[in-house]
Every structure is written in structure tokens, then in C-alpha cells.
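Engineer: Got a structure for you, target-v3.txt, holding compact mmCIF, C-alpha atoms.
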```
# COMPACT_ATOMS: atom_id res chain seq x y z
CA MET X 495 -51.26 -20.94 -12.86
CA SER X 496 -47.67 -20.22 -11.84
CA VAL X 497 -46.78 -17.03 -10.01
CA PRO X 498 -44.24 -14.88 -11.91
CA TYR X 499 -40.83 -14.72 -10.27
CA TYR X 500 -40.07 -11.18 -9.12
CA VAL X 501 -36.89 -9.63 -7.78
CA SER X 502 -36.91 -5.99 -6.72
CA PRO X 503 -34.54 -3.56 -8.51
CA GLU X 504 -32.89 -2.82 -5.16
CA GLN X 505 -32.07 -6.50 -4.66
CA ILE X 506 -30.68 -6.84 -8.19
CA ILE X 507 -28.39 -3.84 -7.70
CA ALA X 508 -27.28 -5.12 -4.28
CA ASP X 509 -26.51 -8.58 -5.68
CA LYS X 510 -24.50 -7.12 -8.57
CA ALA X 511 -22.52 -4.90 -6.21
CA GLU X 512 -21.74 -7.80 -3.87
CA PHE X 513 -20.67 -9.97 -6.79
CA ALA X 514 -18.30 -7.29 -8.12
CA ARG X 515 -16.82 -6.50 -4.68
CA LYS X 516 -16.01 -10.16 -4.04
CA GLY X 517 -14.28 -10.47 -7.40
CA ILE X 518 -12.20 -7.34 -6.81
CA ALA X 519 -11.28 -8.34 -3.25
CA ARG X 520 -9.77 -11.60 -4.51
CA GLY X 521 -7.22 -9.65 -6.55
CA ARG X 522 -3.84 -8.40 -5.35
CA SER X 523 -3.62 -4.78 -4.30
CA VAL X 524 -2.32 -1.70 -6.12
CA VAL X 525 -1.12 1.61 -4.68
CA VAL X 526 -0.89 4.91 -6.57
CA ALA X 527 0.87 7.71 -4.67
CA SER X 528 2.23 11.21 -5.29
CA ALA X 529 5.90 11.69 -4.42
CA GLU X 530 8.26 14.63 -4.69
CA ASP X 531 9.57 13.73 -8.13
CA ALA X 532 6.74 11.69 -9.67
CA ILE X 533 3.51 9.75 -9.25
CA TYR X 534 4.35 6.14 -8.38
CA PHE X 535 2.25 3.12 -9.35
CA ILE X 536 3.11 0.06 -7.24
CA ALA X 537 1.34 -3.26 -7.76
CA ASP X 538 1.58 -6.69 -6.21
CA ASN X 539 1.82 -8.62 -9.48
CA PRO X 540 3.88 -11.79 -10.02
CA SER X 541 3.27 -11.74 -13.79
CA ARG X 542 5.94 -10.13 -15.98
CA THR X 543 3.67 -9.78 -19.02
CA LEU X 544 0.09 -9.24 -17.78
CA HIS X 545 0.51 -5.71 -16.47
CA LYS X 546 -1.82 -3.99 -14.00
CA ILE X 547 -0.20 -0.64 -14.75
CA GLY X 548 -0.04 1.16 -18.08
CA GLU X 549 0.19 4.44 -19.94
CA ILE X 550 -2.81 6.34 -21.27
CA TYR X 551 -1.23 9.53 -22.62
CA ASP X 552 1.65 11.95 -22.14
CA LYS X 553 1.14 12.69 -18.44
CA ILE X 554 -1.63 10.21 -17.66
CA GLY X 555 -1.20 6.72 -16.20
CA PHE X 556 -3.55 3.82 -15.50
CA ALA X 557 -3.74 1.11 -12.84
CA ALA X 558 -6.36 -1.54 -12.15
CA VAL X 559 -7.35 -4.54 -10.07
CA GLY X 560 -9.79 -7.33 -10.85
CA ARG X 561 -10.30 -9.35 -14.02
CA TYR X 562 -7.42 -8.77 -16.43
CA ASN X 563 -9.40 -9.10 -19.67
CA GLU X 564 -11.97 -6.57 -18.47
CA PHE X 565 -9.61 -3.85 -17.27
CA GLU X 566 -7.27 -4.35 -20.25
CA ASN X 567 -10.19 -3.62 -22.58
CA LEU X 568 -10.85 -0.45 -20.59
CA ARG X 569 -7.21 0.60 -20.78
CA VAL X 570 -7.13 0.17 -24.55
CA ALA X 571 -10.36 2.16 -24.88
CA GLY X 572 -8.82 4.95 -22.79
CA VAL X 573 -5.74 5.06 -25.01
CA ARG X 574 -7.90 5.28 -28.12
CA LEU X 575 -10.02 8.06 -26.63
CA ALA X 576 -6.94 10.05 -25.63
CA ASP X 577 -5.26 9.60 -29.02
CA THR X 578 -8.43 10.60 -30.89
CA ARG X 579 -8.98 13.70 -28.75
CA GLY X 580 -5.33 14.73 -28.95
CA TYR X 581 -5.29 14.31 -32.74
CA SER X 582 -8.63 16.06 -33.32
CA TYR X 583 -7.97 19.02 -31.04
CA ASP X 584 -4.69 19.47 -29.16
CA ARG X 585 -2.54 17.31 -26.93
CA GLY X 586 -3.19 19.73 -24.08
CA ASP X 587 -6.93 19.02 -24.35
CA VAL X 588 -6.41 15.43 -23.18
CA THR X 589 -6.98 15.51 -19.41
CA VAL X 590 -7.31 12.83 -16.78
CA ARG X 591 -10.74 14.16 -15.86
CA THR X 592 -11.98 13.46 -19.40
CA ILE X 593 -10.66 9.90 -19.21
CA ALA X 594 -12.14 9.35 -15.73
CA ASN X 595 -15.56 10.58 -16.84
CA ALA X 596 -15.50 8.27 -19.87
CA TYR X 597 -14.61 5.28 -17.69
CA ALA X 598 -17.35 6.22 -15.23
CA GLN X 599 -19.98 6.34 -17.96
CA THR X 600 -18.85 3.02 -19.43
CA LEU X 601 -18.72 1.15 -16.11
CA GLY X 602 -22.00 2.71 -14.95
CA SER X 603 -23.80 1.59 -18.11
CA ILE X 604 -22.38 -1.93 -17.86
CA PHE X 605 -23.36 -2.18 -14.19
CA ILE X 606 -26.97 -1.20 -14.87
CA GLU X 607 -27.61 -2.85 -18.23
CA ALA X 608 -25.50 -6.01 -18.31
CA ALA X 609 -26.34 -9.23 -16.49
CA LYS X 610 -22.82 -9.35 -15.03
CA PRO X 611 -20.97 -6.20 -13.95
CA PHE X 612 -17.25 -5.73 -14.58
CA GLU X 613 -15.20 -7.05 -11.67
CA VAL X 614 -12.72 -4.18 -11.81
CA GLU X 615 -11.63 -1.07 -10.00
CA ILE X 616 -9.40 1.35 -11.85
CA ALA X 617 -7.31 4.44 -11.15
CA VAL X 618 -6.17 7.14 -13.54
CA ALA X 619 -3.68 9.83 -12.57
CA GLU X 620 -2.18 12.92 -14.17
CA VAL X 621 1.12 14.31 -12.92
CA GLY X 622 1.32 18.03 -12.18
CA ASP X 623 4.14 20.50 -11.68
CA ARG X 624 3.95 19.96 -7.90
CA PRO X 625 2.66 17.05 -5.79
CA ASP X 626 -0.35 19.09 -4.63
CA LEU X 627 -1.31 19.61 -8.30
CA ASP X 628 -1.42 15.90 -9.13
CA GLN X 629 -4.86 14.57 -10.04
CA LEU X 630 -5.83 11.05 -8.95
CA TYR X 631 -9.20 9.46 -9.68
CA ARG X 632 -10.51 6.06 -8.59
CA ILE X 633 -13.43 4.61 -10.58
CA SER X 634 -15.45 1.81 -9.05
CA PHE X 635 -17.22 -1.09 -10.76
CA ASP X 636 -20.55 0.80 -10.69
CA GLY X 637 -19.18 3.94 -12.32
CA SER X 638 -18.67 5.93 -9.11
CA VAL X 639 -15.79 8.42 -9.38
CA HIS X 640 -13.68 9.36 -6.36
CA ASP X 641 -11.22 12.28 -6.46
CA GLU X 642 -8.46 11.11 -4.14
CA ALA X 643 -5.91 13.31 -2.37
CA GLY X 644 -2.37 12.01 -2.50
CA PHE X 645 -2.78 8.26 -2.87
CA ILE X 646 -5.13 5.47 -3.92
CA SER X 647 -5.29 1.90 -2.63
CA MET X 648 -7.35 -0.72 -4.48
CA GLY X 649 -8.03 -4.45 -4.43
CA GLY X 650 -7.31 -7.10 -1.85
CA ASP X 651 -7.47 -5.66 1.66
CA SER X 652 -7.51 -2.07 0.45
CA GLU X 653 -8.63 -0.63 3.79
CA ASN X 654 -5.62 -1.98 5.68
CA VAL X 655 -3.32 -1.05 2.79
CA GLY X 656 -4.62 2.51 3.01
CA ASN X 657 -4.12 2.65 6.78
CA VAL X 658 -0.49 1.54 6.49
CA MET X 659 0.11 4.18 3.79
CA LYS X 660 -1.33 6.90 6.01
CA ASP X 661 0.98 5.87 8.85
CA ASN X 662 4.17 5.74 6.75
CA TRP X 663 3.76 8.28 3.94
CA SER X 664 2.72 11.86 3.25
CA ILE X 665 2.17 13.93 0.08
CA GLY X 666 5.50 15.06 -1.32
CA SER X 667 7.56 12.29 0.28
CA GLY X 668 10.73 11.19 -1.50
CA ALA X 669 10.76 8.42 -4.07
CA GLY X 670 12.35 5.79 -1.83
CA GLU X 671 10.10 6.60 1.12
CA THR X 672 7.00 6.39 -1.07
CA VAL X 673 7.90 3.04 -2.63
CA ARG X 674 8.98 1.54 0.70
CA ALA X 675 5.71 2.63 2.32
CA ALA X 676 3.73 1.11 -0.55
CA VAL X 677 5.63 -2.19 -0.39
CA LEU X 678 5.07 -2.34 3.37
CA ALA X 679 1.37 -1.65 2.84
CA LEU X 680 1.04 -4.31 0.15
CA ASN X 681 2.79 -6.92 2.30
CA PRO X 682 3.08 -5.99 5.99
CA ASP X 683 4.65 -9.40 6.73
CA GLY X 684 7.74 -8.36 4.78
CA GLU X 685 7.85 -11.56 2.72
CA GLN X 686 7.29 -9.98 -0.70
CA GLY X 687 10.11 -10.42 -3.21
CA LEU X 688 11.06 -8.03 -5.95
CA ASP X 689 9.87 -10.51 -8.58
CA SER X 690 6.25 -9.90 -7.55
CA LEU X 691 6.46 -6.10 -7.71
CA GLU X 692 5.36 -4.02 -10.68
CA VAL X 693 6.38 -0.36 -10.45
CA ALA X 694 5.98 2.53 -12.88
CA THR X 695 6.21 6.31 -12.65
CA LEU X 696 4.87 9.51 -14.16
CA THR X 697 7.92 11.75 -13.87
CA ARG X 698 7.30 15.33 -12.88
CA GLY X 699 8.47 18.18 -15.16
CA ARG X 700 9.32 16.00 -18.16
CA ALA X 701 8.35 17.30 -21.62
CA GLY X 702 6.27 14.89 -23.70
CA ARG X 703 5.73 11.38 -22.39
CA SER X 704 6.19 11.07 -18.62
CA PHE X 705 5.42 7.37 -18.12
CA ARG X 706 8.27 4.97 -17.39
CA ARG X 707 8.18 1.35 -16.26
CA CYS X 708 10.78 0.55 -13.60
CA SER X 709 13.21 -2.35 -14.00
CA GLN X 710 14.21 -4.70 -11.19
CA ASP X 711 17.41 -2.67 -10.73
CA ASP X 712 15.36 0.54 -10.43
CA ILE X 713 13.13 -1.06 -7.79
CA THR X 714 16.13 -2.34 -5.84
CA GLU X 715 17.64 1.14 -5.83
CA LEU X 716 14.35 2.74 -4.70
CA LEU X 717 14.02 0.27 -1.83
CA GLY X 718 17.59 0.95 -0.76
```
Translate this structure into C-alpha cells?
Structural biologist:
Amino acid sequence: MSVPYYVSPEQIIADKAEFARKGIARGRSVVVASAEDAIYFIADNPSRTLHKIGEIYDKIGFAAVGRYNEFENLRVAGVRLADTRGYSYDRGDVTVRTIANAYAQTLGSIFIEAAKPFEVEIAVAEVGDRPDLDQLYRISFDGSVHDEAGFISMGGDSENVGNVMKDNWSIGSGAGETVRAAVLALNPDGEQGLDSLEVATLTRGRAGRSFRRCSQDDITELLG
């Protein structure tokens, strides 16, 4: 009589977490940071069509690292949730906290119930009237939500990226200083070309939609 194969729940969770972390770490990094005039999303992304950064709603933006098909499905779901809530109630009732909680529930359920967790880490941000009023949330593959102060670094070597940002940037820095610090953090060797940068902003104080994707000329001007 064969002995049934048994794996403890703790080991299953640990294996899933390790699998997801490895998949995320293979991706290129993304930085989200509050500046004086806007929230900036800066990604190391050589693709011109497969975006890591997108718009969710009027003052809410989205960034992600990991498997494109997985985080793109999450982005679309976030847009639908925001549109439905804004249409059913009021546009002011659509908040980044609502979106972050929905993503956390979805990713948490997938992590526990599915055989393979999503290999993604996502950030959602809402621009405020001042940099200290910006709201930035990072949601991990297991549904954990982290309320970040000032900036978020994800994917690749996120720890070193975060350390470089701390050394070269502070909340409320100017636009050029913020983007230059992020580019230095994403590629400390200084070999990154503009063609592999994806940059977008949530402009502060703008009525209606605040999201804008930066062109190559915009990026060149920001980098000085």
C-alpha cells in the first residue's frame, strides 16, 4: 500500500512565494515618486507598445512589474471598477484606496486558491493638492498592501533602486531632479538610453484627467 504524498500548507505557501518573487525579480524595475508638480512613473521598458504604466481614473495611475499578460488584466479590471463606481455614484467616490483594496483581494485569492500565483507586483497612486497628500500603494503578489511614503521601487533589484532614490531624492523635489534620480536608480552604470525609458505623470492641480504619458522630447527636457 502506497503512502499518500503530503506537503504541509506552510511549505506550499513558501514555495508559491519563492516562485512569484523569482518571476518578479527577473523583470525590469519601476519607480513611482512624488515631485513638486506631479507624481512621476518611471519604468525601464524597451517596448514602445507593451506599457508598464497606465491610467486608472482621473487622478489615479497604475504601474506594474512582472508578467505583462497578468498585470494588464489587473489594470483593465481596475479601470472597469473605477468606471463602474464613478458612474453609479460620483466621480469623487473613486479613490486609490478602493482600487488598492480590490487588487489586494484579487491577488490574495489567486495566491491562496490557484496552483500558480500571479508573478506581479503593482503600484497605484493618487495625486493630491500637495506632495505630502499624495497616496501611493504597493500591492504584492500575495495581496499584501503597503502604504508607501513618497516613492515606490519595484522589480529587478528593487532594494538597491530604493537606496539610490533615498540618497538622491526627497519628497517635493522638482520634476527634473526626481526623474534624474529615478533614472540613476534604474541604471546606476549610466548606460541607459532614452529609448528604454517609459515615463508618465499625474499632474497636480489639474481639473479632470491628470494622467499624461511623456514623449521622448519631454523626457529629454526633464533630464536636462
Engineer: Which residues of segment 572-662 of chain X sit at most 7 Å from segment 501-520 of chain X, using only C-alpha atoms? Give each one's shortest atom pair and distance in Å (one decimal place), in chain and ascending residue order, as CSV.
Structural biologist:
```
residue,atom,partner,partner_atom,distance
X:Pro611,CA,X:Lys510,CA,6.5
X:Phe612,CA,X:Ala514,CA,6.7
X:Glu613,CA,X:Ala514,CA,4.7
X:Val614,CA,X:Ile518,CA,5.9
X:Phe635,CA,X:Ala514,CA,6.8
X:Gly649,CA,X:Ala519,CA,5.2
X:Gly650,CA,X:Ala519,CA,4.4
X:Asp651,CA,X:Ala519,CA,6.8
```
Engineer: As a list of chain:residue names, please: the residues near segment 537-541 of chain X (cut-off 6 Å, all atoms listed in the file, same-chain neighbours under 2 positions excluded).
Structural biologist: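 Near neighbours after the sequence-gap exclusion: X:Arg522, X:Ser523, X:Val524, X:Thr543, X:Leu544, X:Ser690, X:Leu691, X:Glu692.
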Engineer: Just need the box for segment 597-611 of chain X, edges along x, y and z, holding every atom the file lists for it with 5 Å tacked onto each side, so centre and edge lengths in Å to one decimal, as AutoDock Vina command-line options.
Structural biologist:
```
--center_x -21.1 --center_y -1.5 --center_z -16.7 --size_x 23.0 --size_y 25.7 --size_z 15.5
```
Engineer: Please, which residues are within 9 Å of (-17.7, -0.7, -15.0) by the file's coordinates, counting all atoms listed in the file, and could they come as an MDAnalysis selection string?
Structural biologist: chainID X and resid 564:565 568 597:605 611:615 633:638
Engineer: Could you check how far atom CA of Arg698 of chain X sits from atom CA of Asp626 of chain X, in Å to one decimal?
Structural biologist: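 Atom-to-atom, atom CA of Arg698 of chain X and atom CA of Asp626 of chain X are spaced 11.9 Å apart.
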Engineer: Write out N, CA and C atoms for segment 660-684 of chain X, as a PDB file, in the frame of the given file.
Structural biologist:
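Output contents, as saved in result-v8.pdb:
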```
ATOM      1  N   LYS X 660      -1.131   5.674   5.231  1.00  0.00           N
ATOM      2  CA  LYS X 660      -1.330   6.900   6.010  1.00  0.00           C
ATOM      3  C   LYS X 660      -0.334   7.007   7.153  1.00  0.00           C
ATOM      4  N   ASP X 661       0.056   5.865   7.710  1.00  0.00           N
ATOM      5  CA  ASP X 661       0.980   5.870   8.850  1.00  0.00           C
ATOM      6  C   ASP X 661       2.435   6.072   8.420  1.00  0.00           C
ATOM      7  N   ASN X 662       2.763   5.761   7.155  1.00  0.00           N
ATOM      8  CA  ASN X 662       4.170   5.740   6.750  1.00  0.00           C
ATOM      9  C   ASN X 662       4.509   6.663   5.583  1.00  0.00           C
ATOM     10  N   TRP X 663       3.555   7.475   5.149  1.00  0.00           N
ATOM     11  CA  TRP X 663       3.760   8.280   3.940  1.00  0.00           C
ATOM     12  C   TRP X 663       2.981   9.565   4.039  1.00  0.00           C
ATOM     13  N   SER X 664       3.452  10.606   3.361  1.00  0.00           N
ATOM     14  CA  SER X 664       2.720  11.860   3.250  1.00  0.00           C
ATOM     15  C   SER X 664       2.962  12.443   1.865  1.00  0.00           C
ATOM     16  N   ILE X 665       2.058  13.324   1.410  1.00  0.00           N
ATOM     17  CA  ILE X 665       2.170  13.930   0.080  1.00  0.00           C
ATOM     18  C   ILE X 665       3.504  14.668  -0.036  1.00  0.00           C
ATOM     19  N   GLY X 666       4.219  14.411  -1.118  1.00  0.00           N
ATOM     20  CA  GLY X 666       5.500  15.060  -1.320  1.00  0.00           C
ATOM     21  C   GLY X 666       6.677  14.319  -0.748  1.00  0.00           C
ATOM     22  N   SER X 667       6.449  13.104  -0.224  1.00  0.00           N
ATOM     23  CA  SER X 667       7.560  12.290   0.280  1.00  0.00           C
ATOM     24  C   SER X 667       8.520  11.961  -0.850  1.00  0.00           C
ATOM     25  N   GLY X 668       9.752  11.575  -0.494  1.00  0.00           N
ATOM     26  CA  GLY X 668      10.730  11.190  -1.500  1.00  0.00           C
ATOM     27  C   GLY X 668      10.361   9.896  -2.186  1.00  0.00           C
ATOM     28  N   ALA X 669      11.052   9.611  -3.281  1.00  0.00           N
ATOM     29  CA  ALA X 669      10.760   8.420  -4.070  1.00  0.00           C
ATOM     30  C   ALA X 669      10.937   7.149  -3.262  1.00  0.00           C
ATOM     31  N   GLY X 670      12.093   7.003  -2.597  1.00  0.00           N
ATOM     32  CA  GLY X 670      12.350   5.790  -1.830  1.00  0.00           C
ATOM     33  C   GLY X 670      11.360   5.606  -0.698  1.00  0.00           C
ATOM     34  N   GLU X 671      11.051   6.691   0.009  1.00  0.00           N
ATOM     35  CA  GLU X 671      10.100   6.600   1.120  1.00  0.00           C
ATOM     36  C   GLU X 671       8.721   6.185   0.631  1.00  0.00           C
ATOM     37  N   THR X 672       8.309   6.723  -0.518  1.00  0.00           N
ATOM     38  CA  THR X 672       7.000   6.390  -1.070  1.00  0.00           C
ATOM     39  C   THR X 672       6.910   4.924  -1.469  1.00  0.00           C
ATOM     40  N   VAL X 673       7.921   4.434  -2.180  1.00  0.00           N
ATOM     41  CA  VAL X 673       7.900   3.040  -2.630  1.00  0.00           C
ATOM     42  C   VAL X 673       8.009   2.081  -1.441  1.00  0.00           C
ATOM     43  N   ARG X 674       8.858   2.410  -0.479  1.00  0.00           N
ATOM     44  CA  ARG X 674       8.980   1.540   0.700  1.00  0.00           C
ATOM     45  C   ARG X 674       7.669   1.484   1.487  1.00  0.00           C
ATOM     46  N   ALA X 675       6.996   2.617   1.618  1.00  0.00           N
ATOM     47  CA  ALA X 675       5.710   2.630   2.320  1.00  0.00           C
ATOM     48  C   ALA X 675       4.681   1.792   1.575  1.00  0.00           C
ATOM     49  N   ALA X 676       4.675   1.887   0.236  1.00  0.00           N
ATOM     50  CA  ALA X 676       3.730   1.110  -0.550  1.00  0.00           C
ATOM     51  C   ALA X 676       4.005  -0.384  -0.452  1.00  0.00           C
ATOM     52  N   VAL X 677       5.274  -0.765  -0.497  1.00  0.00           N
ATOM     53  CA  VAL X 677       5.630  -2.190  -0.390  1.00  0.00           C
ATOM     54  C   VAL X 677       5.249  -2.722   0.982  1.00  0.00           C
ATOM     55  N   LEU X 678       5.474  -1.925   2.025  1.00  0.00           N
ATOM     56  CA  LEU X 678       5.070  -2.340   3.370  1.00  0.00           C
ATOM     57  C   LEU X 678       3.560  -2.488   3.459  1.00  0.00           C
ATOM     58  N   ALA X 679       2.830  -1.579   2.819  1.00  0.00           N
ATOM     59  CA  ALA X 679       1.370  -1.650   2.840  1.00  0.00           C
ATOM     60  C   ALA X 679       0.850  -2.863   2.081  1.00  0.00           C
ATOM     61  N   LEU X 680       1.484  -3.180   0.956  1.00  0.00           N
ATOM     62  CA  LEU X 680       1.040  -4.310   0.150  1.00  0.00           C
ATOM     63  C   LEU X 680       1.343  -5.639   0.828  1.00  0.00           C
ATOM     64  N   ASN X 681       2.418  -5.683   1.615  1.00  0.00           N
ATOM     65  CA  ASN X 681       2.790  -6.920   2.300  1.00  0.00           C
ATOM     66  C   ASN X 681       3.402  -6.585   3.655  1.00  0.00           C
ATOM     67  N   PRO X 682       2.567  -6.364   4.671  1.00  0.00           N
ATOM     68  CA  PRO X 682       3.080  -5.990   5.990  1.00  0.00           C
ATOM     69  C   PRO X 682       3.929  -7.064   6.649  1.00  0.00           C
ATOM     70  N   ASP X 683       3.838  -8.311   6.166  1.00  0.00           N
ATOM     71  CA  ASP X 683       4.650  -9.400   6.730  1.00  0.00           C
ATOM     72  C   ASP X 683       6.101  -9.337   6.271  1.00  0.00           C
ATOM     73  N   GLY X 684       6.368  -8.529   5.255  1.00  0.00           N
ATOM     74  CA  GLY X 684       7.740  -8.360   4.780  1.00  0.00           C
ATOM     75  C   GLY X 684       8.280  -9.529   3.988  1.00  0.00           C
TER      76      GLY X 684
END
```
